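Below is target12.txt, holding compact mmCIF, C-alpha atoms.
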```txt
# COMPACT_ATOMS: atom_id res chain seq x y z
CA MET J 95 116.06 63.52 53.69
CA TYR J 96 113.68 61.01 52.14
CA THR J 97 110.59 59.49 53.67
CA ILE J 98 110.64 55.67 53.78
CA GLY J 99 108.24 55.59 50.81
CA ASP J 100 110.37 57.90 48.68
CA PHE J 101 113.56 56.05 49.62
CA ALA J 102 111.94 52.72 48.73
CA ARG J 103 110.96 54.06 45.30
CA HIS J 104 114.45 55.41 44.62
CA GLY J 105 116.05 52.16 45.76
CA ARG J 106 113.56 49.91 43.89
CA VAL J 107 112.71 47.98 47.06
CA SER J 108 109.55 47.65 49.13
CA VAL J 109 108.78 49.59 52.30
CA ARG J 110 108.35 46.26 54.04
CA MET J 111 111.90 45.27 53.06
CA LEU J 112 113.33 48.55 54.39
CA ARG J 113 111.56 47.97 57.70
CA HIS J 114 113.06 44.49 57.83
CA TYR J 115 116.56 45.84 57.11
CA ASP J 116 116.04 48.31 59.95
CA ALA J 117 114.90 45.58 62.32
CA ILE J 118 118.01 43.43 61.72
CA GLY J 119 120.39 46.39 61.73
CA LEU J 120 121.40 46.06 58.09
CA LEU J 121 120.19 49.52 57.04
CA ARG J 122 118.88 51.80 59.75
CA PRO J 123 117.18 55.11 58.86
CA ALA J 124 119.25 58.26 59.25
CA HIS J 125 116.53 59.78 61.44
CA VAL J 126 113.39 58.59 63.23
CA ASP J 127 110.89 61.23 64.31
CA PRO J 128 110.48 60.70 68.07
CA ALA J 129 106.90 61.95 67.98
CA THR J 130 105.55 60.04 64.99
CA GLY J 131 108.06 57.21 64.57
CA TYR J 132 108.37 58.04 60.86
CA ARG J 133 111.64 56.90 59.31
CA HIS J 134 113.75 59.20 57.12
CA TYR J 135 116.76 58.27 55.01
CA SER J 136 119.59 60.32 53.55
CA ALA J 137 120.64 60.30 49.90
CA ALA J 138 124.05 58.97 50.94
CA GLN J 139 122.38 55.78 52.21
CA LEU J 140 121.38 54.85 48.67
CA SER J 141 124.92 53.61 48.03
CA ARG J 142 124.66 51.17 50.99
CA LEU J 143 121.23 50.03 49.81
CA ASN J 144 122.55 49.48 46.28
CA ARG J 145 125.41 47.40 47.68
CA VAL J 146 122.99 45.32 49.74
CA ILE J 147 120.86 44.66 46.67
CA ALA J 148 123.88 43.75 44.54
CA LEU J 149 125.20 41.29 47.14
CA LYS J 150 121.77 39.73 47.56
CA ASP J 151 121.58 39.27 43.79
CA LEU J 152 124.79 37.23 44.05
CA GLY J 153 122.96 34.86 46.36
CA PHE J 154 124.51 35.83 49.70
CA THR J 155 122.41 35.60 52.85
CA LEU J 156 121.45 38.80 54.67
CA GLN J 157 123.89 37.94 57.47
CA GLN J 158 126.68 37.54 54.93
CA VAL J 159 125.65 40.79 53.27
CA GLN J 160 125.78 42.62 56.58
CA ASP J 161 129.22 41.20 57.40
CA ILE J 162 130.50 42.34 54.00
CA VAL J 163 129.08 45.87 54.00
CA ASP J 164 130.17 46.40 57.61
CA GLU J 165 133.67 45.23 56.57
CA ARG J 166 133.78 42.43 59.14
CA ILE J 167 135.15 40.12 56.43
CA GLY J 168 138.66 40.37 55.04
CA VAL J 169 139.62 40.24 51.39
CA GLU J 170 140.77 36.62 51.48
CA GLU J 171 137.58 35.44 53.19
CA LEU J 172 135.49 37.42 50.73
CA ARG J 173 137.41 35.88 47.84
CA GLY J 174 136.67 32.42 49.27
CA MET J 175 132.96 33.24 49.63
CA LEU J 176 132.80 34.42 46.04
CA ARG J 177 134.58 31.31 44.77
CA LEU J 178 132.16 29.11 46.72
CA ARG J 179 129.23 31.02 45.27
CA GLN J 180 130.76 30.66 41.81
CA ALA J 181 130.95 26.88 42.28
CA GLU J 182 127.33 26.74 43.53
CA LEU J 183 126.11 28.72 40.53
CA ALA J 184 128.09 26.52 38.14
CA ALA J 185 126.56 23.40 39.71
CA GLY J 186 123.11 24.96 39.38
CA MET J 187 123.74 25.69 35.72
CA ALA J 188 124.86 22.11 35.13
CA THR J 189 121.70 20.81 36.81
CA ALA J 190 119.54 23.16 34.74
CA ALA J 191 121.35 22.07 31.57
CA ALA J 192 120.71 18.41 32.40
CA ARG J 193 117.03 19.16 32.93
CA LEU J 194 116.92 21.04 29.64
CA VAL J 195 118.27 17.93 27.90
CA GLN J 196 115.52 15.86 29.53
CA VAL J 197 112.84 18.31 28.42
CA GLU J 198 114.20 18.28 24.86
CA ALA J 199 114.23 14.48 24.87
CA ARG J 200 110.60 14.42 26.00
CA LEU J 201 109.66 16.83 23.23
CA ARG J 202 111.41 14.65 20.65
CA SER J 203 109.59 11.60 21.99
CA ILE J 204 106.21 13.36 21.77
CA GLU J 205 106.98 14.51 18.22
CA ARG J 206 108.07 11.00 17.24
CA GLU J 207 105.37 8.97 19.00
CA GLY J 208 102.55 11.50 19.38
CA HIS J 209 102.18 11.10 23.16
CA MET J 210 104.01 11.60 26.45
CA PRO J 211 106.26 8.67 27.39
CA THR J 212 104.72 6.49 30.10
CA ASP J 213 107.95 4.65 30.97
CA ASP J 214 109.97 7.13 33.01
CA VAL J 215 113.72 6.74 33.38
CA VAL J 216 115.29 7.78 36.68
CA VAL J 217 119.01 8.13 37.36
CA LYS J 218 119.97 6.98 40.86
CA SER J 219 122.71 5.29 42.84
CA ILE J 220 122.48 1.55 43.53
CA PRO J 221 123.79 0.33 46.91
CA ALA J 222 125.99 -2.71 47.35
CA VAL J 223 124.05 -5.92 47.87
CA ARG J 224 124.94 -9.46 48.97
CA VAL J 225 123.62 -12.22 46.73
CA ALA J 226 123.81 -15.96 46.19
CA GLU J 227 124.25 -16.83 42.52
CA LEU J 228 124.53 -19.49 39.88
CA THR J 229 125.80 -18.89 36.35
CA ALA J 230 125.41 -20.40 32.90
CA THR J 231 126.02 -19.36 29.30
CA ALA J 232 123.38 -18.18 26.82
CA ALA J 233 123.87 -17.90 23.08
CA SER J 234 123.08 -14.18 23.03
CA PHE J 235 121.45 -11.36 25.00
CA ALA J 236 118.17 -11.82 23.13
CA PRO J 237 115.21 -12.70 25.40
CA GLU J 238 114.59 -15.92 23.49
CA ASP J 239 118.13 -17.06 24.36
CA ILE J 240 118.19 -15.74 27.94
CA GLY J 241 114.81 -17.16 29.01
CA PRO J 242 115.58 -20.89 28.60
CA VAL J 243 118.82 -20.42 30.57
CA ILE J 244 117.82 -18.17 33.43
CA GLY J 245 114.60 -20.01 34.35
CA PRO J 246 116.30 -23.34 35.18
CA LEU J 247 119.14 -21.44 36.89
CA TYR J 248 116.73 -19.86 39.36
CA GLU J 249 115.00 -23.20 39.98
CA GLU J 250 118.34 -24.80 40.80
CA LEU J 251 119.44 -21.81 42.87
CA PHE J 252 116.40 -21.95 45.14
CA ARG J 253 116.72 -25.72 45.46
CA ARG J 254 120.30 -25.33 46.66
CA LEU J 255 119.41 -22.47 49.00
CA ASP J 256 116.72 -24.63 50.61
CA GLY J 257 119.25 -27.41 51.04
CA ALA J 258 121.77 -25.03 52.62
CA ASP J 259 119.08 -23.50 54.89
CA ILE J 260 119.66 -20.05 53.38
CA GLY J 261 116.58 -17.89 52.94
CA PRO J 262 116.25 -15.00 50.48
CA ALA J 263 116.61 -11.56 52.06
CA GLY J 264 115.38 -9.58 49.09
CA PRO J 265 114.44 -9.74 45.41
CA GLY J 266 116.15 -11.68 42.68
CA VAL J 267 118.92 -9.95 40.75
CA ALA J 268 120.10 -10.99 37.30
CA TRP J 269 123.04 -9.50 35.46
CA TYR J 270 125.04 -10.31 32.37
CA GLU J 271 128.52 -10.09 30.89
CA ASP J 272 130.20 -11.21 27.70
CA ALA J 273 131.18 -14.86 27.92
CA PRO J 274 134.91 -15.70 27.72
CA GLU J 275 134.38 -17.81 24.60
CA GLY J 276 133.11 -14.75 22.69
CA GLY J 277 131.02 -15.09 19.57
CA GLY J 278 128.20 -13.08 21.12
CA ALA J 279 127.67 -15.56 23.95
CA ILE J 280 126.54 -14.13 27.31
CA LEU J 281 127.38 -15.27 30.83
CA VAL J 282 124.10 -15.21 32.77
CA HIS J 283 124.15 -14.57 36.52
CA ALA J 284 120.96 -15.63 38.31
CA ALA J 285 121.05 -14.41 41.89
CA VAL J 286 118.92 -13.52 44.88
CA GLN J 287 119.67 -11.23 47.81
CA VAL J 288 120.70 -13.07 50.99
CA ALA J 289 121.99 -12.20 54.43
CA ALA J 290 124.29 -15.22 54.58
CA PRO J 291 128.02 -14.79 55.30
CA LEU J 292 130.52 -15.17 52.49
CA ARG J 293 131.53 -18.83 52.31
CA ASP J 294 132.06 -21.69 49.93
CA GLY J 295 129.14 -24.06 49.67
CA ALA J 296 126.26 -25.15 47.50
CA VAL J 297 126.08 -21.68 45.95
CA ARG J 298 128.46 -18.78 45.57
CA VAL J 299 127.72 -15.85 47.89
CA LEU J 300 129.25 -12.51 46.89
CA ASP J 301 128.86 -8.79 47.40
CA LEU J 302 127.80 -6.92 44.28
CA PRO J 303 129.53 -3.52 44.38
CA PRO J 304 127.49 -0.32 44.43
CA VAL J 305 126.75 1.54 41.21
CA GLU J 306 127.33 5.26 41.54
CA ARG J 307 124.91 6.23 38.76
CA ALA J 308 122.46 3.99 36.95
CA ALA J 309 119.62 4.78 34.57
CA THR J 310 116.62 2.77 35.75
CA ILE J 311 113.26 1.91 34.23
CA VAL J 312 110.43 -0.32 35.42
CA HIS J 313 109.26 -3.17 33.16
CA ARG J 314 105.83 -4.69 33.73
CA GLY J 315 105.07 -8.12 32.36
CA PRO J 316 107.02 -11.25 31.45
CA MET J 317 110.72 -10.95 30.77
CA ASP J 318 110.40 -12.49 27.31
CA ALA J 319 108.64 -9.20 26.40
CA VAL J 320 111.31 -6.96 27.94
CA LEU J 321 112.92 -5.88 24.67
CA PRO J 322 110.77 -2.73 24.08
CA THR J 323 111.47 -1.55 27.64
CA ALA J 324 115.19 -2.21 27.24
CA GLN J 325 115.16 -0.31 23.94
CA THR J 326 113.40 2.63 25.61
CA LEU J 327 116.12 2.68 28.26
CA ALA J 328 118.88 2.50 25.63
CA ARG J 329 117.32 5.34 23.62
CA TRP J 330 117.04 7.45 26.76
CA ILE J 331 120.70 6.91 27.62
CA ASP J 332 121.80 7.86 24.12
CA GLY J 333 119.35 10.75 23.79
CA HIS J 334 120.48 12.33 27.06
CA GLY J 335 124.16 12.27 26.20
CA HIS J 336 125.12 9.42 28.54
CA ARG J 337 127.25 6.35 27.86
CA SER J 338 126.24 2.87 28.94
CA GLY J 339 128.59 1.12 31.34
CA GLY J 340 127.48 -2.40 30.45
CA TYR J 341 124.46 -4.70 30.42
CA PRO J 342 121.65 -3.64 32.75
CA ARG J 343 120.88 -5.52 35.94
CA GLU J 344 117.39 -6.92 36.35
CA VAL J 345 115.85 -6.66 39.82
CA ASN J 346 112.69 -8.75 40.23
CA LEU J 347 110.45 -6.56 42.40
CA GLU J 348 107.31 -8.70 42.07
CA CYS J 349 107.01 -12.19 40.60
CA PRO J 350 103.44 -13.53 40.95
CA GLN J 351 102.29 -16.75 39.32
CA ASP J 352 100.77 -14.77 36.47
CA ARG J 353 103.81 -13.46 34.61
CA ASP J 354 101.80 -10.58 33.21
CA GLY J 355 101.94 -9.17 36.74
CA TRP J 356 105.72 -9.28 37.03
CA VAL J 357 107.45 -6.01 37.93
CA THR J 358 111.15 -5.77 37.11
CA GLU J 359 113.51 -2.81 37.37
CA LEU J 360 116.23 -2.54 34.74
CA GLN J 361 119.34 -0.81 36.11
CA ALA J 362 121.82 0.28 33.43
CA PRO J 363 125.14 1.57 34.82
CA LEU J 364 126.30 4.86 33.31
CA ASP J 365 129.89 5.50 32.33
CA ASP J 366 130.08 9.29 31.93
CA ALA J 367 133.67 9.73 33.10
```

Here is the file; what I need is its structure written in the form of structure tokens.
Amino acid sequence: MYTIGDFARHGRVSVRMLRHYDAIGLLRPAHVDPATGYRHYSAAQLSRLNRVIALKDLGFTLQQVQDIVDERIGVEELRGMLRLRQAELAAGMATAAARLVQVEARLRSIEREGHMPTDDVVVKSIPAVRVAELTATAASFAPEDIGPVIGPLYEELFRRLDGADIGPAGPGVAWYEDAPEGGGAILVHAAVQVAAPLRDGAVRVLDLPPVERAATIVHRGPMDAVLPTAQTLARWIDGHGHRSGGYPREVNLECPQDRDGWVTELQAPLDDA
């Protein structure tokens, strides 16, 4: 027979843990001295302790461990539990691998630029949103071509919304697509979130579909100076092994009179399928 201290040393566990296993009925001592209350364990109990430790190392809960060692779980159920644990571990490895890629990208950025990036990119899902929009064509996606088109579009959009007695329900949203005529031309969508029902009228009201995964970055300042932020976002997407799913949306979070105070979130859809 072993004292609880000797048994703990042989089993490479703490005395406190053995007391806990006793309390929950997972591993009770072979003998308890009625006079002193001292616990004693038999050498044969080491095999049960080893099995408990091995199952815990697989990530099972103590209740699951007890059900397994007490043979309250059949082979098929145990196989299912192991497969589930296998899937959980695989998902954890994938998450860790993704974080490793992010760490490596940060290291490359520090080595290239000499400092920690201040523009953080976050991957998140974008919910569906209802907007009122107007569209026009710009010569290219360059800020100097987009700016002269999108500014008047928003002015006209808000004029029409006022006339239709439709108030904005959220920030402005701009997005882009290749124009049908090609040649590098871009179809510009200037929109603002509304709560209005879908209907024909002075402006088109539509539901923008959700985006399952988008890489997002916050741009501060006027949109004619957005190119460095957009390039940072593009480099991040490429450096982290993602594929862009199209032009990024622009969500105008704050638009004070002083354009240097503008805050805009760029939302680039990811196509990693």

With all atoms listed in the file counted and 7 Å as the cut-off, give the residues of stretch 276-333 of chain J in contact with stretch 231-255 of chain J, each with its shortest interatomic distance in Å and the pair that gives it, as CSV.
```
residue,atom,partner,partner_atom,distance
J:Gly278,CA,J:Ser234,CA,5.6
J:Ala279,CA,J:Ala233,CA,4.5
J:Ile280,CA,J:Ala232,CA,5.2
J:Leu281,CA,J:Thr231,CA,4.6
J:Val282,CA,J:Thr231,CA,5.7
J:Ala284,CA,J:Tyr248,CA,6.1
J:Ala296,CA,J:Arg254,CA,6.0
J:Val297,CA,J:Arg254,CA,6.9
J:Asp318,CA,J:Pro237,CA,5.2
```

(request) Pick out the closest residue to J:Tyr115 from this set: J:Leu360, J:Val225, J:Leu156, J:Met95. Count all atoms listed in the file. (result)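 For J:Tyr115, the nearest of the candidates is J:Leu156.
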
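Between J:Ile147 and the candidates J:Gly174, J:Arg122, J:Val345, J:Leu112, the tightest atom-to-atom separation, counting only C-alpha atoms, involves J:Leu112.
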
(message) Just the number, please: distance in Å from atom CA of J:Gln287 to atom CA of J:Val267, one decimal.
(response)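 Interatomic distance here is 7.2 Å.
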
(message) Report, in Å to a single decimal, how far apart atom CA of J:Asn346 and atom CA of J:Asp332 are.
(response)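 Computing it gives 24.9 Å between the two atoms.
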
(message) Using Å and a single decimal, report how far atom CA of J:Val126 sits from atom CA of J:Arg106.
(response)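 Computed distance, atom CA of J:Arg106 to atom CA of J:Val126, equals 21.2 Å.
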
(message) Applying 10 Å and all atoms listed in the file, which residues near J:Gln160 remain after dropping the ones on its own chain fewer than 4 positions away? List them as a VMD selection string.
(response) chain J and resid 115 118 to 121 146 149 154 to 156 164 to 167

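Counting all atoms listed in the file and comparing J:Val215, J:Ala129, J:Val286, J:Ala362, the residue that lies closest to J:Arg307 is J:Ala362.
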
(request) Rank J:Leu302, J:Asp365, J:Val223, J:Thr189 by their smallest atom-to-atom distance to J:Gly335, using only C-alpha atoms, and report the top residue only. (result)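 Going through J:Leu302, J:Asp365, J:Val223, J:Thr189 one by one, the smallest distance to J:Gly335 is for J:Asp365.
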
(message) When you count all atoms listed in the file, which of these residues is closest to J:His334: J:Trp356, J:Gly295, J:Thr130, J:Ala192?
(response)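 Selected residue with least distance to J:His334: J:Ala192.
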
(message) Calculated over all atoms listed in the file, which of the candidates J:Trp330, J:Tyr341, J:His336, J:Val169 has the smallest distance to J:Val197?
(response)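 For J:Val197, the nearest of the candidates is J:Trp330.
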
(request) Might you pull out every residue within 8 Å of J:Gly105, with only C-alpha atoms counted and same-chain residues fewer than 3 positions away left off, and present them as number ranges by chain? (result) J: 101-102, 140, 143-144

Centre and edge lengths of an axis-aligned box around all listed atoms of stretch 328-336 of chain J, with 6 Å added on each side, are to be given in Å to one decimal, as JSON.
```
{"center_x": 121.1, "center_y": 7.4, "center_z": 26.1, "size_x": 20.1, "size_y": 21.8, "size_z": 16.9}
```

(message) List as a PyMOL selection string the protein and nucleic acid residues near J:Ala324, meaning an atom at most 9 Å away when all atoms listed in the file are counted, but skip any in the same chain fewer than 5 places from it.
(response) chain J and resi 311+313+329+342+360

Could you give me stretch 322-352 of chain J completed to N, CA and C atoms, formatted as a PDB file, in the frame of the given file?
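This is the output file out.pdb:
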```
ATOM      1  N   PRO J 322     111.165  -4.138  24.281  1.00  0.00           N
ATOM      2  CA  PRO J 322     110.770  -2.730  24.080  1.00  0.00           C
ATOM      3  C   PRO J 322     111.170  -1.829  25.247  1.00  0.00           C
ATOM      4  N   THR J 323     111.067  -2.349  26.484  1.00  0.00           N
ATOM      5  CA  THR J 323     111.470  -1.550  27.640  1.00  0.00           C
ATOM      6  C   THR J 323     112.971  -1.311  27.622  1.00  0.00           C
ATOM      7  N   ALA J 324     113.735  -2.358  27.314  1.00  0.00           N
ATOM      8  CA  ALA J 324     115.190  -2.210  27.240  1.00  0.00           C
ATOM      9  C   ALA J 324     115.583  -1.229  26.141  1.00  0.00           C
ATOM     10  N   GLN J 325     114.864  -1.249  25.026  1.00  0.00           N
ATOM     11  CA  GLN J 325     115.160  -0.310  23.940  1.00  0.00           C
ATOM     12  C   GLN J 325     114.828   1.125  24.349  1.00  0.00           C
ATOM     13  N   THR J 326     113.745   1.296  25.098  1.00  0.00           N
ATOM     14  CA  THR J 326     113.400   2.630  25.610  1.00  0.00           C
ATOM     15  C   THR J 326     114.509   3.154  26.503  1.00  0.00           C
ATOM     16  N   LEU J 327     115.029   2.286  27.367  1.00  0.00           N
ATOM     17  CA  LEU J 327     116.120   2.680  28.260  1.00  0.00           C
ATOM     18  C   LEU J 327     117.368   3.033  27.459  1.00  0.00           C
ATOM     19  N   ALA J 328     117.696   2.231  26.447  1.00  0.00           N
ATOM     20  CA  ALA J 328     118.880   2.500  25.630  1.00  0.00           C
ATOM     21  C   ALA J 328     118.740   3.815  24.865  1.00  0.00           C
ATOM     22  N   ARG J 329     117.544   4.078  24.335  1.00  0.00           N
ATOM     23  CA  ARG J 329     117.320   5.340  23.620  1.00  0.00           C
ATOM     24  C   ARG J 329     117.451   6.529  24.563  1.00  0.00           C
ATOM     25  N   TRP J 330     116.942   6.362  25.781  1.00  0.00           N
ATOM     26  CA  TRP J 330     117.040   7.450  26.760  1.00  0.00           C
ATOM     27  C   TRP J 330     118.494   7.751  27.086  1.00  0.00           C
ATOM     28  N   ILE J 331     119.285   6.716  27.302  1.00  0.00           N
ATOM     29  CA  ILE J 331     120.700   6.910  27.620  1.00  0.00           C
ATOM     30  C   ILE J 331     121.406   7.646  26.489  1.00  0.00           C
ATOM     31  N   ASP J 332     121.161   7.222  25.267  1.00  0.00           N
ATOM     32  CA  ASP J 332     121.800   7.860  24.120  1.00  0.00           C
ATOM     33  C   ASP J 332     121.267   9.272  23.902  1.00  0.00           C
ATOM     34  N   GLY J 333     119.958   9.452  24.047  1.00  0.00           N
ATOM     35  CA  GLY J 333     119.350  10.750  23.790  1.00  0.00           C
ATOM     36  C   GLY J 333     119.701  11.806  24.817  1.00  0.00           C
ATOM     37  N   HIS J 334     120.128  11.378  26.008  1.00  0.00           N
ATOM     38  CA  HIS J 334     120.480  12.330  27.060  1.00  0.00           C
ATOM     39  C   HIS J 334     121.999  12.503  27.199  1.00  0.00           C
ATOM     40  N   GLY J 335     122.715  12.026  26.219  1.00  0.00           N
ATOM     41  CA  GLY J 335     124.160  12.270  26.200  1.00  0.00           C
ATOM     42  C   GLY J 335     124.961  11.426  27.161  1.00  0.00           C
ATOM     43  N   HIS J 336     124.388  10.302  27.635  1.00  0.00           N
ATOM     44  CA  HIS J 336     125.120   9.420  28.540  1.00  0.00           C
ATOM     45  C   HIS J 336     125.778   8.288  27.743  1.00  0.00           C
ATOM     46  N   ARG J 337     126.645   7.556  28.435  1.00  0.00           N
ATOM     47  CA  ARG J 337     127.250   6.350  27.860  1.00  0.00           C
ATOM     48  C   ARG J 337     126.946   5.174  28.768  1.00  0.00           C
ATOM     49  N   SER J 338     126.543   4.072  28.159  1.00  0.00           N
ATOM     50  CA  SER J 338     126.240   2.870  28.940  1.00  0.00           C
ATOM     51  C   SER J 338     127.517   2.252  29.474  1.00  0.00           C
ATOM     52  N   GLY J 339     127.436   1.766  30.721  1.00  0.00           N
ATOM     53  CA  GLY J 339     128.590   1.120  31.340  1.00  0.00           C
ATOM     54  C   GLY J 339     128.508  -0.389  31.320  1.00  0.00           C
ATOM     55  N   GLY J 340     127.594  -0.947  30.526  1.00  0.00           N
ATOM     56  CA  GLY J 340     127.480  -2.400  30.450  1.00  0.00           C
ATOM     57  C   GLY J 340     126.023  -2.837  30.391  1.00  0.00           C
ATOM     58  N   TYR J 341     125.819  -4.154  30.453  1.00  0.00           N
ATOM     59  CA  TYR J 341     124.460  -4.700  30.420  1.00  0.00           C
ATOM     60  C   TYR J 341     123.703  -4.269  31.690  1.00  0.00           C
ATOM     61  N   PRO J 342     122.415  -4.032  31.560  1.00  0.00           N
ATOM     62  CA  PRO J 342     121.650  -3.640  32.750  1.00  0.00           C
ATOM     63  C   PRO J 342     121.407  -4.826  33.685  1.00  0.00           C
ATOM     64  N   ARG J 343     121.356  -4.538  34.969  1.00  0.00           N
ATOM     65  CA  ARG J 343     120.880  -5.520  35.940  1.00  0.00           C
ATOM     66  C   ARG J 343     119.358  -5.594  35.854  1.00  0.00           C
ATOM     67  N   GLU J 344     118.836  -6.744  36.259  1.00  0.00           N
ATOM     68  CA  GLU J 344     117.390  -6.920  36.350  1.00  0.00           C
ATOM     69  C   GLU J 344     117.039  -7.283  37.786  1.00  0.00           C
ATOM     70  N   VAL J 345     116.259  -6.428  38.441  1.00  0.00           N
ATOM     71  CA  VAL J 345     115.850  -6.660  39.820  1.00  0.00           C
ATOM     72  C   VAL J 345     114.376  -7.027  39.827  1.00  0.00           C
ATOM     73  N   ASN J 346     114.063  -8.238  40.265  1.00  0.00           N
ATOM     74  CA  ASN J 346     112.690  -8.750  40.230  1.00  0.00           C
ATOM     75  C   ASN J 346     111.920  -8.254  41.453  1.00  0.00           C
ATOM     76  N   LEU J 347     111.163  -7.179  41.271  1.00  0.00           N
ATOM     77  CA  LEU J 347     110.450  -6.560  42.400  1.00  0.00           C
ATOM     78  C   LEU J 347     109.214  -7.360  42.788  1.00  0.00           C
ATOM     79  N   GLU J 348     108.488  -7.870  41.811  1.00  0.00           N
ATOM     80  CA  GLU J 348     107.310  -8.700  42.070  1.00  0.00           C
ATOM     81  C   GLU J 348     107.275  -9.818  41.041  1.00  0.00           C
ATOM     82  N   CYS J 349     107.045 -11.042  41.511  1.00  0.00           N
ATOM     83  CA  CYS J 349     107.010 -12.190  40.600  1.00  0.00           C
ATOM     84  C   CYS J 349     105.820 -13.097  40.947  1.00  0.00           C
ATOM     85  N   PRO J 350     104.587 -12.659  40.684  1.00  0.00           N
ATOM     86  CA  PRO J 350     103.440 -13.530  40.950  1.00  0.00           C
ATOM     87  C   PRO J 350     103.373 -14.685  39.959  1.00  0.00           C
ATOM     88  N   GLN J 351     102.438 -15.609  40.205  1.00  0.00           N
ATOM     89  CA  GLN J 351     102.290 -16.750  39.320  1.00  0.00           C
ATOM     90  C   GLN J 351     101.964 -16.310  37.895  1.00  0.00           C
ATOM     91  N   ASP J 352     101.111 -15.310  37.780  1.00  0.00           N
ATOM     92  CA  ASP J 352     100.770 -14.770  36.470  1.00  0.00           C
ATOM     93  C   ASP J 352     101.900 -13.837  36.023  1.00  0.00           C
TER      94      ASP J 352
END
```
